>>> print(open('final17.cif').read())   # mmCIF, C-alpha atoms
data_coords
#
loop_
_atom_site.label_atom_id
_atom_site.label_comp_id
_atom_site.auth_asym_id
_atom_site.auth_seq_id
_atom_site.Cartn_x
_atom_site.Cartn_y
_atom_site.Cartn_z
CA MET A 569 -66.87 -49.01 -19.45
CA PHE A 570 -66.32 -47.65 -22.94
CA ILE A 571 -62.62 -48.53 -22.86
CA PHE A 572 -63.35 -52.02 -21.57
CA GLU A 573 -65.84 -52.55 -24.36
CA TRP A 574 -63.39 -51.30 -26.95
CA LEU A 575 -60.63 -53.59 -25.64
CA ASN A 576 -63.06 -56.48 -25.55
CA ASN A 577 -64.13 -55.89 -29.13
CA GLN A 578 -60.65 -55.35 -30.50
CA LEU A 579 -58.60 -57.85 -28.51
CA LEU A 580 -61.08 -60.65 -27.92
CA LYS A 581 -63.57 -60.35 -30.70
CA MET A 582 -60.87 -58.91 -32.97
CA GLU A 583 -63.06 -56.53 -34.91
CA TRP A 584 -59.95 -55.19 -36.63
CA LEU A 585 -59.35 -58.67 -38.02
CA SER A 586 -62.93 -59.00 -39.18
CA ASN A 587 -62.60 -55.67 -40.99
CA LEU A 588 -59.27 -56.70 -42.49
CA VAL A 589 -60.71 -59.99 -43.76
CA THR A 590 -63.75 -58.15 -45.14
CA PHE A 591 -61.34 -55.88 -47.00
CA LEU A 592 -59.37 -58.86 -48.35
CA VAL A 593 -62.43 -60.82 -49.44
CA GLN A 594 -64.00 -57.82 -51.14
CA ASN A 595 -60.95 -56.33 -52.80
CA ILE A 596 -58.70 -59.27 -53.55
CA LEU A 597 -61.21 -62.05 -54.12
CA GLY A 598 -63.78 -59.60 -55.39
CA LEU A 599 -66.62 -61.20 -53.43
CA ASP A 600 -69.35 -59.43 -51.54
CA THR A 601 -69.26 -60.49 -47.89
CA SER A 602 -73.02 -60.28 -47.73
CA SER A 603 -73.24 -62.93 -50.43
CA ARG A 604 -73.29 -66.60 -49.50
CA VAL A 605 -69.87 -67.59 -50.79
CA GLY A 606 -68.24 -64.35 -49.64
CA GLY A 607 -69.85 -64.62 -46.21
CA SER A 608 -68.68 -68.20 -45.75
CA ILE A 609 -65.14 -67.39 -46.83
CA HIS A 610 -65.09 -64.41 -44.49
CA PHE A 611 -66.41 -66.53 -41.59
CA PHE A 612 -63.81 -69.21 -42.30
CA ILE A 613 -60.71 -67.02 -42.64
CA TYR A 614 -61.65 -64.69 -39.81
CA ASP A 615 -62.48 -67.49 -37.37
CA VAL A 616 -59.45 -69.61 -38.20
CA VAL A 617 -57.01 -66.70 -37.84
CA LYS A 618 -58.76 -65.43 -34.72
CA ILE A 619 -58.73 -68.80 -32.99
CA PHE A 620 -55.08 -69.44 -33.83
CA ILE A 621 -53.99 -66.02 -32.56
CA LEU A 622 -56.04 -66.29 -29.39
CA LEU A 623 -55.00 -69.84 -28.74
CA SER A 624 -51.29 -69.12 -29.14
CA VAL A 625 -51.31 -66.00 -26.98
CA LEU A 626 -53.47 -67.65 -24.36
CA ILE A 627 -51.70 -70.95 -24.08
CA PHE A 628 -48.42 -69.08 -23.83
CA THR A 629 -49.67 -66.82 -21.04
CA ILE A 630 -51.43 -69.59 -19.17
CA SER A 631 -48.49 -71.98 -19.43
CA TYR A 632 -46.21 -69.24 -18.13
CA ILE A 633 -48.47 -68.82 -15.10
CA GLN A 634 -48.73 -72.60 -14.69
CA SER A 635 -44.97 -72.95 -14.52
CA PHE A 636 -45.20 -71.31 -11.09
CA PHE A 637 -47.50 -74.05 -9.77
CA PRO A 638 -45.80 -77.42 -9.99
CA PRO A 639 -47.78 -80.17 -8.19
CA GLU A 640 -45.25 -80.19 -5.35
CA ARG A 641 -46.06 -76.58 -4.55
CA THR A 642 -49.81 -77.13 -4.97
CA ARG A 643 -49.62 -80.00 -2.50
CA LYS A 644 -47.90 -77.75 0.02
CA ILE A 645 -50.43 -74.94 -0.41
CA LEU A 646 -53.39 -77.31 -0.07
CA GLY A 647 -51.99 -78.73 3.16
CA ARG A 648 -52.72 -75.38 4.83
CA PHE A 649 -56.47 -75.51 4.30
CA THR A 650 -59.20 -77.55 5.90
CA GLY A 651 -62.90 -78.15 5.27
CA VAL A 652 -64.71 -76.79 2.25
CA SER A 653 -62.14 -74.08 1.72
CA ALA A 654 -59.62 -76.86 1.03
CA ASN A 655 -61.96 -78.23 -1.64
CA ILE A 656 -62.39 -74.77 -3.15
CA PHE A 657 -58.65 -74.15 -3.27
CA GLY A 658 -58.16 -77.66 -4.63
CA ALA A 659 -60.57 -76.87 -7.45
CA LEU A 660 -58.93 -73.49 -8.11
CA LEU A 661 -55.39 -74.87 -8.13
CA GLY A 662 -56.56 -77.68 -10.39
CA THR A 663 -57.02 -75.10 -13.11
CA VAL A 664 -53.43 -73.81 -12.93
CA THR A 665 -51.37 -76.89 -12.14
CA PRO A 666 -50.01 -78.37 -15.34
CA PHE A 667 -49.84 -82.12 -15.69
CA CYS A 668 -50.31 -84.83 -18.27
CA SER A 669 -53.57 -86.70 -17.64
CA CYS A 670 -51.61 -89.92 -17.24
CA SER A 671 -50.10 -88.40 -14.10
CA SER A 672 -53.51 -88.38 -12.38
CA ILE A 673 -52.84 -91.61 -10.48
CA PRO A 674 -49.31 -90.75 -9.31
CA LEU A 675 -50.65 -87.33 -8.29
CA PHE A 676 -53.47 -88.94 -6.36
CA ILE A 677 -51.02 -91.21 -4.55
CA GLY A 678 -48.56 -88.37 -3.97
CA PHE A 679 -51.23 -86.06 -2.50
CA THR A 680 -52.80 -88.78 -0.39
CA SER A 681 -49.53 -90.04 1.04
CA ALA A 682 -48.70 -86.47 2.06
CA GLY A 683 -51.85 -86.51 4.18
CA LEU A 684 -54.26 -84.51 2.04
CA PRO A 685 -57.87 -85.71 2.41
CA ILE A 686 -59.06 -87.62 -0.65
CA GLY A 687 -62.00 -85.27 -1.07
CA VAL A 688 -59.64 -82.33 -1.57
CA THR A 689 -57.43 -84.31 -3.93
CA PHE A 690 -60.49 -85.19 -5.97
CA SER A 691 -61.68 -81.59 -6.17
CA PHE A 692 -58.25 -80.89 -7.62
CA LEU A 693 -58.32 -83.81 -10.04
CA ILE A 694 -61.88 -83.08 -11.22
CA SER A 695 -61.41 -79.39 -11.90
CA SER A 696 -58.13 -79.81 -13.72
CA PRO A 697 -59.49 -81.19 -17.01
CA LEU A 698 -62.95 -79.67 -16.48
CA VAL A 699 -62.01 -76.01 -16.27
CA ASP A 700 -59.70 -75.34 -19.12
CA LEU A 701 -58.35 -71.79 -19.04
CA ALA A 702 -57.81 -71.51 -22.78
CA SER A 703 -61.44 -72.47 -23.37
CA VAL A 704 -62.54 -69.76 -20.96
CA ILE A 705 -61.04 -67.03 -23.07
CA LEU A 706 -62.23 -68.60 -26.31
CA LEU A 707 -65.76 -68.72 -24.90
CA ALA A 708 -65.45 -65.07 -23.91
CA SER A 709 -64.24 -64.22 -27.38
CA ILE A 710 -66.81 -66.15 -29.37
CA PHE A 711 -69.78 -65.60 -27.07
CA ASN A 712 -69.37 -63.28 -24.11
CA TRP A 713 -67.95 -63.02 -20.63
CA LYS A 714 -71.17 -64.09 -18.96
CA ILE A 715 -70.97 -67.49 -20.58
CA ALA A 716 -67.24 -67.78 -19.91
CA VAL A 717 -67.74 -67.00 -16.23
CA ALA A 718 -70.66 -69.44 -16.02
CA TYR A 719 -68.45 -72.13 -17.52
CA VAL A 720 -65.78 -71.58 -14.86
CA VAL A 721 -68.22 -71.31 -11.97
CA VAL A 722 -70.12 -74.45 -12.95
CA GLY A 723 -66.83 -76.34 -13.40
CA LEU A 724 -65.53 -75.25 -10.00
CA ILE A 725 -68.83 -76.02 -8.27
CA LEU A 726 -68.89 -79.51 -9.80
CA ALA A 727 -65.33 -80.10 -8.61
CA VAL A 728 -66.12 -78.92 -5.07
CA ILE A 729 -69.32 -80.98 -4.94
CA GLY A 730 -67.60 -84.04 -6.40
CA GLY A 731 -64.79 -83.84 -3.87
CA THR A 732 -67.22 -83.28 -1.00
CA ILE A 733 -69.35 -86.29 -1.96
CA ILE A 734 -66.25 -88.46 -2.15
CA SER A 735 -65.14 -87.37 1.30
CA LYS A 736 -68.65 -87.84 2.78
CA LEU A 737 -68.79 -91.38 1.39
CA LYS A 738 -65.55 -92.08 3.24
CA LEU A 739 -64.04 -93.75 0.22
CA GLU A 740 -60.66 -93.89 1.95
CA ARG A 741 -61.44 -97.44 3.00
CA TYR A 742 -61.20 -98.59 -0.61
CA VAL A 743 -57.76 -97.11 -1.11
CA GLU A 744 -54.94 -99.63 -0.96
CA SER A 745 -52.85 -99.22 2.14
CA PHE A 746 -49.57 -98.76 0.29
CA VAL A 747 -50.90 -95.40 -0.88
CA PHE A 748 -51.00 -94.06 2.66
CA HIS A 749 -47.64 -95.52 3.55
CA ASN A 750 -45.87 -94.42 0.44
CA LYS A 751 -42.83 -92.42 1.37
CA VAL A 752 -43.17 -88.75 0.59
CA LEU A 753 -40.09 -87.92 -1.30
CA GLU A 754 -39.43 -84.32 -2.01
CA ALA A 755 -37.76 -85.01 -5.29
CA GLU A 756 -35.36 -82.17 -5.75
CA GLN A 757 -36.37 -79.74 -8.42
CA GLU A 758 -34.34 -76.80 -9.51
CA GLU A 759 -36.12 -73.47 -9.55
CA MET A 760 -37.04 -72.60 -13.13
CA THR A 761 -35.44 -69.56 -14.69
CA THR A 762 -37.43 -67.09 -16.78
CA ARG A 763 -35.82 -68.65 -19.85
CA ASP A 764 -37.08 -72.11 -18.73
CA ARG A 765 -40.58 -70.76 -18.25
CA ILE A 766 -40.62 -69.16 -21.68
CA ASP A 767 -39.36 -72.40 -23.25
CA PHE A 768 -41.98 -74.39 -21.35
CA ALA A 769 -44.74 -72.03 -22.50
CA LYS A 770 -43.51 -72.11 -26.09
CA ASP A 771 -43.44 -75.91 -26.10
CA GLN A 772 -47.00 -76.00 -24.77
CA VAL A 773 -48.20 -73.71 -27.55
CA LEU A 774 -46.54 -75.83 -30.24
CA ASP A 775 -47.80 -79.07 -28.67
CA ILE A 776 -51.40 -77.95 -28.51
CA ILE A 777 -51.47 -76.27 -31.92
CA LYS A 778 -50.00 -79.42 -33.45
CA LYS A 779 -52.70 -81.45 -31.76
CA VAL A 780 -55.72 -79.31 -32.59
CA TRP A 781 -55.10 -77.43 -35.84
CA MET A 782 -57.00 -79.92 -37.96
CA TYR A 783 -60.01 -79.97 -35.63
CA ILE A 784 -60.12 -76.20 -35.71
CA LEU A 785 -60.16 -76.19 -39.50
CA ILE A 786 -62.88 -78.86 -39.60
CA GLY A 787 -64.85 -77.16 -36.84
CA VAL A 788 -64.73 -73.75 -38.48
CA GLY A 789 -65.51 -75.38 -41.84
CA ILE A 790 -68.68 -76.97 -40.48
CA GLY A 791 -69.48 -73.70 -38.72
CA ALA A 792 -69.12 -71.79 -41.98
CA ALA A 793 -71.39 -74.29 -43.73
CA ILE A 794 -74.09 -74.03 -41.07
CA HIS A 795 -73.64 -70.28 -41.05
CA ASN A 796 -74.59 -69.65 -44.63
CA TRP A 797 -75.78 -72.76 -46.38
CA ILE A 798 -78.33 -74.42 -44.15
CA PRO A 799 -81.48 -72.30 -44.00
CA GLU A 800 -82.21 -70.81 -40.62
CA SER A 801 -85.72 -72.22 -40.65
CA ILE A 802 -84.46 -75.80 -40.80
CA ILE A 803 -82.02 -75.38 -37.95
CA ALA A 804 -84.47 -73.43 -35.86
CA ALA A 805 -87.12 -76.08 -36.47
CA VAL A 806 -84.86 -78.99 -35.62
CA LEU A 807 -82.72 -77.51 -32.88
CA GLY A 808 -84.93 -74.62 -31.77
CA GLN A 809 -85.25 -73.51 -28.17
CA ASP A 810 -88.40 -75.27 -27.13
CA LYS A 811 -88.12 -78.77 -28.52
CA TRP A 812 -87.51 -81.40 -25.87
CA TYR A 813 -85.30 -83.39 -28.18
CA SER A 814 -83.13 -80.50 -29.35
CA VAL A 815 -80.42 -81.04 -26.74
CA LEU A 816 -80.27 -84.74 -27.58
CA LEU A 817 -80.08 -84.05 -31.27
CA ALA A 818 -77.41 -81.39 -30.95
CA THR A 819 -75.42 -83.83 -28.86
CA PHE A 820 -75.75 -86.41 -31.57
CA VAL A 821 -74.69 -84.00 -34.27
CA GLY A 822 -71.75 -82.98 -32.12
CA VAL A 823 -70.49 -86.49 -31.42
CA PRO A 824 -67.81 -86.52 -34.13
CA MET A 825 -66.50 -83.23 -32.82
CA TYR A 826 -65.88 -84.39 -29.26
CA ALA A 827 -62.35 -85.07 -30.30
CA ASP A 828 -61.56 -81.49 -29.54
CA ILE A 829 -63.18 -78.62 -27.72
CA PHE A 830 -61.60 -75.90 -29.84
CA GLY A 831 -63.20 -77.39 -32.90
CA THR A 832 -66.61 -77.43 -31.29
CA LEU A 833 -66.72 -73.76 -30.39
CA PRO A 834 -67.03 -72.44 -33.96
CA ILE A 835 -69.89 -74.87 -34.57
CA ALA A 836 -71.63 -73.71 -31.44
CA GLU A 837 -71.08 -70.14 -32.59
CA ALA A 838 -72.74 -70.79 -35.92
CA LEU A 839 -75.65 -72.57 -34.24
CA VAL A 840 -76.23 -69.75 -31.79
CA LEU A 841 -76.19 -67.22 -34.61
CA LYS A 842 -78.97 -69.32 -36.12
CA GLY A 843 -81.09 -69.01 -33.01
CA VAL A 844 -80.36 -72.27 -31.25
CA GLY A 845 -80.53 -72.03 -27.46
CA ILE A 846 -77.08 -71.58 -25.98
CA GLY A 847 -77.58 -74.56 -23.66
CA THR A 848 -78.32 -76.78 -26.63
CA ALA A 849 -75.33 -75.52 -28.57
CA ASN A 850 -73.04 -75.71 -25.59
CA HIS A 851 -74.02 -79.25 -24.99
CA HIS A 852 -71.31 -80.15 -27.44
CA ASN A 853 -68.84 -78.60 -25.12
CA TRP A 854 -70.14 -79.94 -21.86
CA LEU A 855 -70.24 -83.50 -23.08
CA TYR A 856 -66.71 -83.22 -24.25
CA PHE A 857 -65.68 -83.68 -20.64
CA MET B 967 -25.73 -97.87 -16.74
CA ILE B 968 -29.41 -98.60 -16.23
CA ILE B 969 -31.90 -95.98 -17.32
CA LYS B 970 -35.52 -96.26 -16.26
CA VAL B 971 -38.45 -94.48 -17.85
CA LEU B 972 -41.31 -94.17 -15.36
CA GLY B 973 -44.84 -93.75 -16.65
CA SER B 974 -48.08 -95.59 -17.20
CA GLY B 975 -47.45 -95.87 -20.91
CA CYS B 976 -49.18 -92.84 -22.40
CA LYS B 977 -47.76 -91.10 -25.42
CA ASN B 978 -45.50 -88.81 -23.39
CA CYS B 979 -43.73 -91.76 -21.79
CA VAL B 980 -43.21 -93.44 -25.14
CA THR B 981 -41.76 -90.23 -26.54
CA LEU B 982 -39.41 -89.89 -23.58
CA LYS B 983 -38.16 -93.43 -24.14
CA GLU B 984 -37.56 -92.72 -27.83
CA ASN B 985 -35.76 -89.48 -27.01
CA THR B 986 -33.59 -91.31 -24.49
CA GLU B 987 -32.67 -93.89 -27.09
CA ALA B 988 -31.78 -91.12 -29.52
CA ALA B 989 -29.66 -89.34 -26.91
CA LEU B 990 -27.77 -92.52 -26.05
CA LYS B 991 -27.03 -93.17 -29.67
CA GLU B 992 -25.88 -89.61 -30.17
CA ALA B 993 -23.61 -89.76 -27.12
CA GLY B 994 -22.37 -93.23 -28.02
CA VAL B 995 -23.26 -94.50 -24.57
CA GLU B 996 -24.35 -98.06 -23.94
CA ALA B 997 -27.14 -98.39 -21.44
CA GLU B 998 -30.05 -100.58 -20.65
CA ILE B 999 -33.41 -98.85 -20.88
CA VAL B 1000 -36.15 -100.22 -18.64
CA LYS B 1001 -39.77 -99.13 -18.74
CA VAL B 1002 -41.46 -98.96 -15.37
CA THR B 1003 -45.23 -98.94 -15.70
CA ASP B 1004 -46.46 -100.26 -12.35
CA PHE B 1005 -47.73 -97.43 -10.17
CA LYS B 1006 -46.39 -98.99 -6.99
CA ASP B 1007 -42.93 -99.06 -8.50
CA ILE B 1008 -43.26 -95.56 -9.94
CA MET B 1009 -44.35 -94.16 -6.59
CA ALA B 1010 -41.37 -95.76 -4.85
CA TYR B 1011 -39.28 -93.08 -6.53
CA GLY B 1012 -41.44 -90.34 -4.97
CA VAL B 1013 -42.40 -88.67 -8.23
CA MET B 1014 -45.90 -87.29 -8.67
CA THR B 1015 -45.77 -86.42 -12.32
CA THR B 1016 -44.82 -88.71 -15.14
CA PRO B 1017 -42.96 -89.32 -17.33
CA ALA B 1018 -39.88 -89.44 -15.16
CA LEU B 1019 -36.33 -90.45 -15.94
CA VAL B 1020 -34.18 -92.42 -13.53
CA ILE B 1021 -30.49 -93.02 -14.12
CA ASP B 1022 -28.85 -95.64 -11.89
CA GLU B 1023 -31.67 -95.31 -9.35
CA LYS B 1024 -31.44 -91.52 -9.18
CA VAL B 1025 -34.43 -89.44 -10.34
CA VAL B 1026 -33.01 -86.94 -12.82
CA SER B 1027 -36.23 -85.53 -14.24
CA PHE B 1028 -39.99 -85.78 -13.76
CA GLY B 1029 -43.14 -84.37 -15.32
CA LYS B 1030 -41.29 -83.45 -18.47
CA VAL B 1031 -40.81 -84.96 -21.88
CA LEU B 1032 -37.12 -84.21 -22.21
CA LYS B 1033 -35.72 -83.58 -25.65
CA PRO B 1034 -32.76 -85.71 -26.81
CA LYS B 1035 -30.47 -82.69 -26.34
CA GLU B 1036 -31.51 -82.25 -22.71
CA ILE B 1037 -30.96 -85.95 -22.04
CA THR B 1038 -27.49 -85.79 -23.57
CA LYS B 1039 -26.67 -82.97 -21.15
CA ILE B 1040 -27.90 -85.01 -18.19
CA LEU B 1041 -25.86 -88.01 -19.37
CA GLU B 1042 -22.74 -85.85 -19.43
CA ASN B 1043 -23.36 -84.69 -15.89
CA VAL B 1044 -23.89 -88.21 -14.65
CA LYS B 1045 -20.61 -89.45 -16.05
#
>>> encode(input="final17.cif", output="structure tokens")
Amino acid sequence: MFIFEWLNNQLLKMEWLSNLVTFLVQNILGLDTSSRVGGSIHFFIYDVVKIFILLSVLIFTISYIQSFFPPERTRKILGRFTGVSANIFGALLGTVTPFCSCSSIPLFIGFTSAGLPIGVTFSFLISSPLVDLASVILLASIFNWKIAVAYVVVGLILAVIGGTIISKLKLERYVESFVFHNKVLEAEQEEMTTRDRIDFAKDQVLDIIKKVWMYILIGVGIGAAIHNWIPESIIAAVLGQDKWYSVLLATFVGVPMYADIFGTLPIAEALVLKGVGIGTANHHNWLYF
Amino acid sequence: MIIKVLGSGCKNCVTLKENTEAALKEAGVEAEIVKVTDFKDIMAYGVMTTPALVIDEKVVSFGKVLKPKEITKILENVK
């Protein structure tokens, strides 16, 4: 337990980095980290560096794992299951099968024409953008594992329920017939080498970092501002636990940040530190989907 | 030579088309590039992930945004 906690604190929460930044801010900038300016600068540098390190390592690892689950293989695996277990595996595989969101329709057609029930295909398609593995680890790092696990479980449950509802409604009748009669072509794909997988993972890291770096900076910037410059009493009064409108309001405040989930996490972090209910803060993240 | 780029028209497909153009220029190969955006037509090639690249009716790549260099290599193999 002690070792797990130590690993958690050092690798995920990166206490060493926090200490290093404290050292830098105090000795090089000559600012006290307990002061407002010093505290904000510490929050900003530490969070930005932490998120970039975590994101790079994570996306690399996850992409490497994903390279073992091309949709063709996922389709084969799913064909072996029936009933709810097929929905559950659909939801699980949705989290590890990499595809561009614009492939959703071809994937749907490809799965359906191979004879997979639409409910299962939908569990797969729902969970894929909903449960984002990189966000899981970031949640664990910024908050804790309980919240990260809850995020995954809720996402998977929604995907299973969504798929089940779709199959109970017998929506097949609305699907154009060409979908069922589409020829299933096992387009030949060469087995990836380790080199290919590493290249694929590296490209994913660069792609995502290029896409999100600005949102992370903005997100952490707003987080740093909330953290030290807006008095706790105001935030607690406006977004506090027991106000019926706090979730609505937090949603509204979070609207501009929906552009990217990684930018929203630092804001949520700052809000939680100020005593906002985690459900209210996380509403930014849920609505992102 | 007829090269088809399959995809609904998201950014990845546009990038693949641009990369293909760059590769053709680099290789000094003349070819007609056709964009296929209709799902029925895309599915006729049996691919599940876009963007895909089809050279003379043969699927040479799918689910990947190939870099110009990779396309040049494929062009050499096709010849």
>>> resolve_selection(input="final17.cif", expression="the PyMOL selection byres ((chain A and resi 579-584) around 10)", output="VMD selection string")
chain A and resid 573 to 578 585 to 590 614 to 615 617 to 619 621 to 622 705 to 712
>>> closest_residue(input="final17.cif", among="A:Cys668, A:Leu599, A:Leu646, A:Leu626", to="chain B", atoms="only C-alpha atoms")
A:Cys668
>>> atom_distance(input="final17.cif", atom1="atom CA of Ser691 of chain A", atom2="atom CA of Arg765 of chain A")
26.6 Å
>>> resolve_selection(input="final17.cif", expression="the PyMOL selection byres ((chain B) within 8 of (chain A))", output="list in words")
Gly973, Ser974, Cys976, Phe1005, Lys1006, Ile1008, Met1009, Ala1010, Tyr1011, Gly1012, Val1013, Met1014, Thr1015, Thr1016, Pro1017, Val1025 and Gly1029 of chain B
>>> resolve_selection(input="final17.cif", expression="the PyMOL selection byres ((chain A and resi 726-728) around 10)", output="ChimeraX atom specification")
/A:652-660,662,687-688,690-696,698-699,720-725,729-734
>>> closest_residue(input="final17.cif", among="A:Val605, A:Ile784, A:Ile776, A:Ala769", to="Trp797 of chain A", atoms="all atoms listed in the file")
A:Val605
>>> closest_residue(input="final17.cif", among="A:Thr762, A:Gln634, A:Thr680, A:Gln594", to="Gly606 of chain A", atoms="all atoms listed in the file")
A:Gln594
>>> atom_distance(input="final17.cif", atom1="atom CA of Phe649 of chain A", atom2="atom CA of Tyr742 of chain A")
24.1 Å
>>> closest_residue(input="final17.cif", among="B:Lys1001, B:Lys991, B:Lys1024, B:Lys1030", to="Asn978 of chain B", atoms="all atoms listed in the file")
B:Lys1030
>>> atom_distance(input="final17.cif", atom1="atom CA of Leu661 of chain A", atom2="atom CA of Thr642 of chain A")
6.8 Å
>>> closest_residue(input="final17.cif", among="B:Val1044, B:Val971, B:Ile1021, B:Glu987", to="Asp1007 of chain B", atoms="all atoms listed in the file")
B:Val971
>>> residues_around(input="final17.cif", residues="Gln772 of chain A", least_positions_apart="4", cutoff="9 Å", atoms="all atoms listed in the file", output="list of chain:residue names")
A:Ile627, A:Phe628, A:Ser631, A:Asp767, A:Phe768, A:Ile776, A:Ile777
>>> closest_residue(input="final17.cif", among="A:Phe572, A:Phe637, A:Tyr719, A:Phe748", to="Ser681 of chain A", atoms="all atoms listed in the file")
A:Phe748
>>> residues_around(input="final17.cif", residues="Val1020 of chain B", least_positions_apart="5", cutoff="10 Å", atoms="only C-alpha atoms", output="PDB file with C-alpha atoms, keeping the file's coordinate frame")
ATOM      1  CA  ILE B 968     -29.410 -98.600 -16.230  1.00  0.00           C
ATOM      2  CA  ILE B 969     -31.900 -95.980 -17.320  1.00  0.00           C
ATOM      3  CA  LYS B 970     -35.520 -96.260 -16.260  1.00  0.00           C
ATOM      4  CA  VAL B 971     -38.450 -94.480 -17.850  1.00  0.00           C
ATOM      5  CA  LEU B 972     -41.310 -94.170 -15.360  1.00  0.00           C
ATOM      6  CA  ILE B 999     -33.410 -98.850 -20.880  1.00  0.00           C
ATOM      7  CA  VAL B1000     -36.150-100.220 -18.640  1.00  0.00           C
ATOM      8  CA  VAL B1002     -41.460 -98.960 -15.370  1.00  0.00           C
ATOM      9  CA  TYR B1011     -39.280 -93.080  -6.530  1.00  0.00           C
ATOM     10  CA  VAL B1025     -34.430 -89.440 -10.340  1.00  0.00           C
ATOM     11  CA  VAL B1026     -33.010 -86.940 -12.820  1.00  0.00           C
ATOM     12  CA  SER B1027     -36.230 -85.530 -14.240  1.00  0.00           C
ATOM     13  CA  PHE B1028     -39.990 -85.780 -13.760  1.00  0.00           C
TER      14      PHE B1028
END
>>> residues_around(input="final17.cif", residues="Leu990 of chain B", least_positions_apart="4", cutoff="10 Å", atoms="only C-alpha atoms", output="short mmCIF file (atom, residue, chain, number, x, y, z; two decimals) with C-alpha atoms, in the frame of the given file")
data_model
loop_
_atom_site.label_atom_id
_atom_site.label_comp_id
_atom_site.auth_asym_id
_atom_site.auth_seq_id
_atom_site.Cartn_x
_atom_site.Cartn_y
_atom_site.Cartn_z
CA GLU B 984 -37.56 -92.72 -27.83
CA ASN B 985 -35.76 -89.48 -27.01
CA THR B 986 -33.59 -91.31 -24.49
CA GLY B 994 -22.37 -93.23 -28.02
CA VAL B 995 -23.26 -94.50 -24.57
CA GLU B 996 -24.35 -98.06 -23.94
CA ALA B 997 -27.14 -98.39 -21.44
CA GLU B 998 -30.05 -100.58 -20.65
CA ILE B 999 -33.41 -98.85 -20.88
CA PRO B 1034 -32.76 -85.71 -26.81
CA ILE B 1037 -30.96 -85.95 -22.04
CA THR B 1038 -27.49 -85.79 -23.57
CA LEU B 1041 -25.86 -88.01 -19.37
#
>>> decode(input="final17.cif", residues="segment 993-1006 of chain B", atoms="N, CA and C atoms", output="PDB file, in the first residue's frame")
ATOM      1  N   ALA B 993       7.312  12.449 -57.515  1.00  0.00           N
ATOM      2  CA  ALA B 993       7.687  11.297 -58.340  1.00  0.00           C
ATOM      3  C   ALA B 993       7.599  11.623 -59.828  1.00  0.00           C
ATOM      4  N   GLY B 994       7.019  12.772 -60.141  1.00  0.00           N
ATOM      5  CA  GLY B 994       6.866  13.145 -61.545  1.00  0.00           C
ATOM      6  C   GLY B 994       5.896  12.243 -62.277  1.00  0.00           C
ATOM      7  N   VAL B 995       4.880  11.773 -61.559  1.00  0.00           N
ATOM      8  CA  VAL B 995       3.896  10.871 -62.152  1.00  0.00           C
ATOM      9  C   VAL B 995       2.608  11.654 -62.433  1.00  0.00           C
ATOM     10  N   GLU B 996       2.062  11.429 -63.598  1.00  0.00           N
ATOM     11  CA  GLU B 996       0.784  12.046 -63.937  1.00  0.00           C
ATOM     12  C   GLU B 996      -0.328  11.092 -63.535  1.00  0.00           C
ATOM     13  N   ALA B 997      -1.288  11.602 -62.791  1.00  0.00           N
ATOM     14  CA  ALA B 997      -2.414  10.745 -62.434  1.00  0.00           C
ATOM     15  C   ALA B 997      -3.619  11.612 -62.138  1.00  0.00           C
ATOM     16  N   GLU B 998      -4.769  10.997 -62.289  1.00  0.00           N
ATOM     17  CA  GLU B 998      -5.987  11.718 -61.991  1.00  0.00           C
ATOM     18  C   GLU B 998      -6.384  11.377 -60.561  1.00  0.00           C
ATOM     19  N   ILE B 999      -6.615  12.405 -59.747  1.00  0.00           N
ATOM     20  CA  ILE B 999      -7.044  12.133 -58.373  1.00  0.00           C
ATOM     21  C   ILE B 999      -8.543  12.378 -58.252  1.00  0.00           C
ATOM     22  N   VAL B1000      -9.248  11.348 -57.774  1.00  0.00           N
ATOM     23  CA  VAL B1000     -10.699  11.463 -57.625  1.00  0.00           C
ATOM     24  C   VAL B1000     -11.045  11.334 -56.149  1.00  0.00           C
ATOM     25  N   LYS B1001     -11.918  12.235 -55.671  1.00  0.00           N
ATOM     26  CA  LYS B1001     -12.366  12.105 -54.281  1.00  0.00           C
ATOM     27  C   LYS B1001     -13.674  11.342 -54.256  1.00  0.00           C
ATOM     28  N   VAL B1002     -13.722  10.305 -53.427  1.00  0.00           N
ATOM     29  CA  VAL B1002     -14.959   9.539 -53.308  1.00  0.00           C
ATOM     30  C   VAL B1002     -15.535   9.810 -51.926  1.00  0.00           C
ATOM     31  N   THR B1003     -16.700  10.467 -51.886  1.00  0.00           N
ATOM     32  CA  THR B1003     -17.255  10.848 -50.591  1.00  0.00           C
ATOM     33  C   THR B1003     -18.552  10.118 -50.256  1.00  0.00           C
ATOM     34  N   ASP B1004     -19.157   9.459 -51.247  1.00  0.00           N
ATOM     35  CA  ASP B1004     -20.418   8.775 -50.976  1.00  0.00           C
ATOM     36  C   ASP B1004     -20.156   7.449 -50.255  1.00  0.00           C
ATOM     37  N   PHE B1005     -20.884   7.255 -49.144  1.00  0.00           N
ATOM     38  CA  PHE B1005     -20.607   6.079 -48.323  1.00  0.00           C
ATOM     39  C   PHE B1005     -20.853   4.761 -49.060  1.00  0.00           C
ATOM     40  N   LYS B1006     -21.884   4.774 -49.919  1.00  0.00           N
ATOM     41  CA  LYS B1006     -22.158   3.558 -50.674  1.00  0.00           C
ATOM     42  C   LYS B1006     -20.938   3.191 -51.526  1.00  0.00           C
TER      43      LYS B1006
END
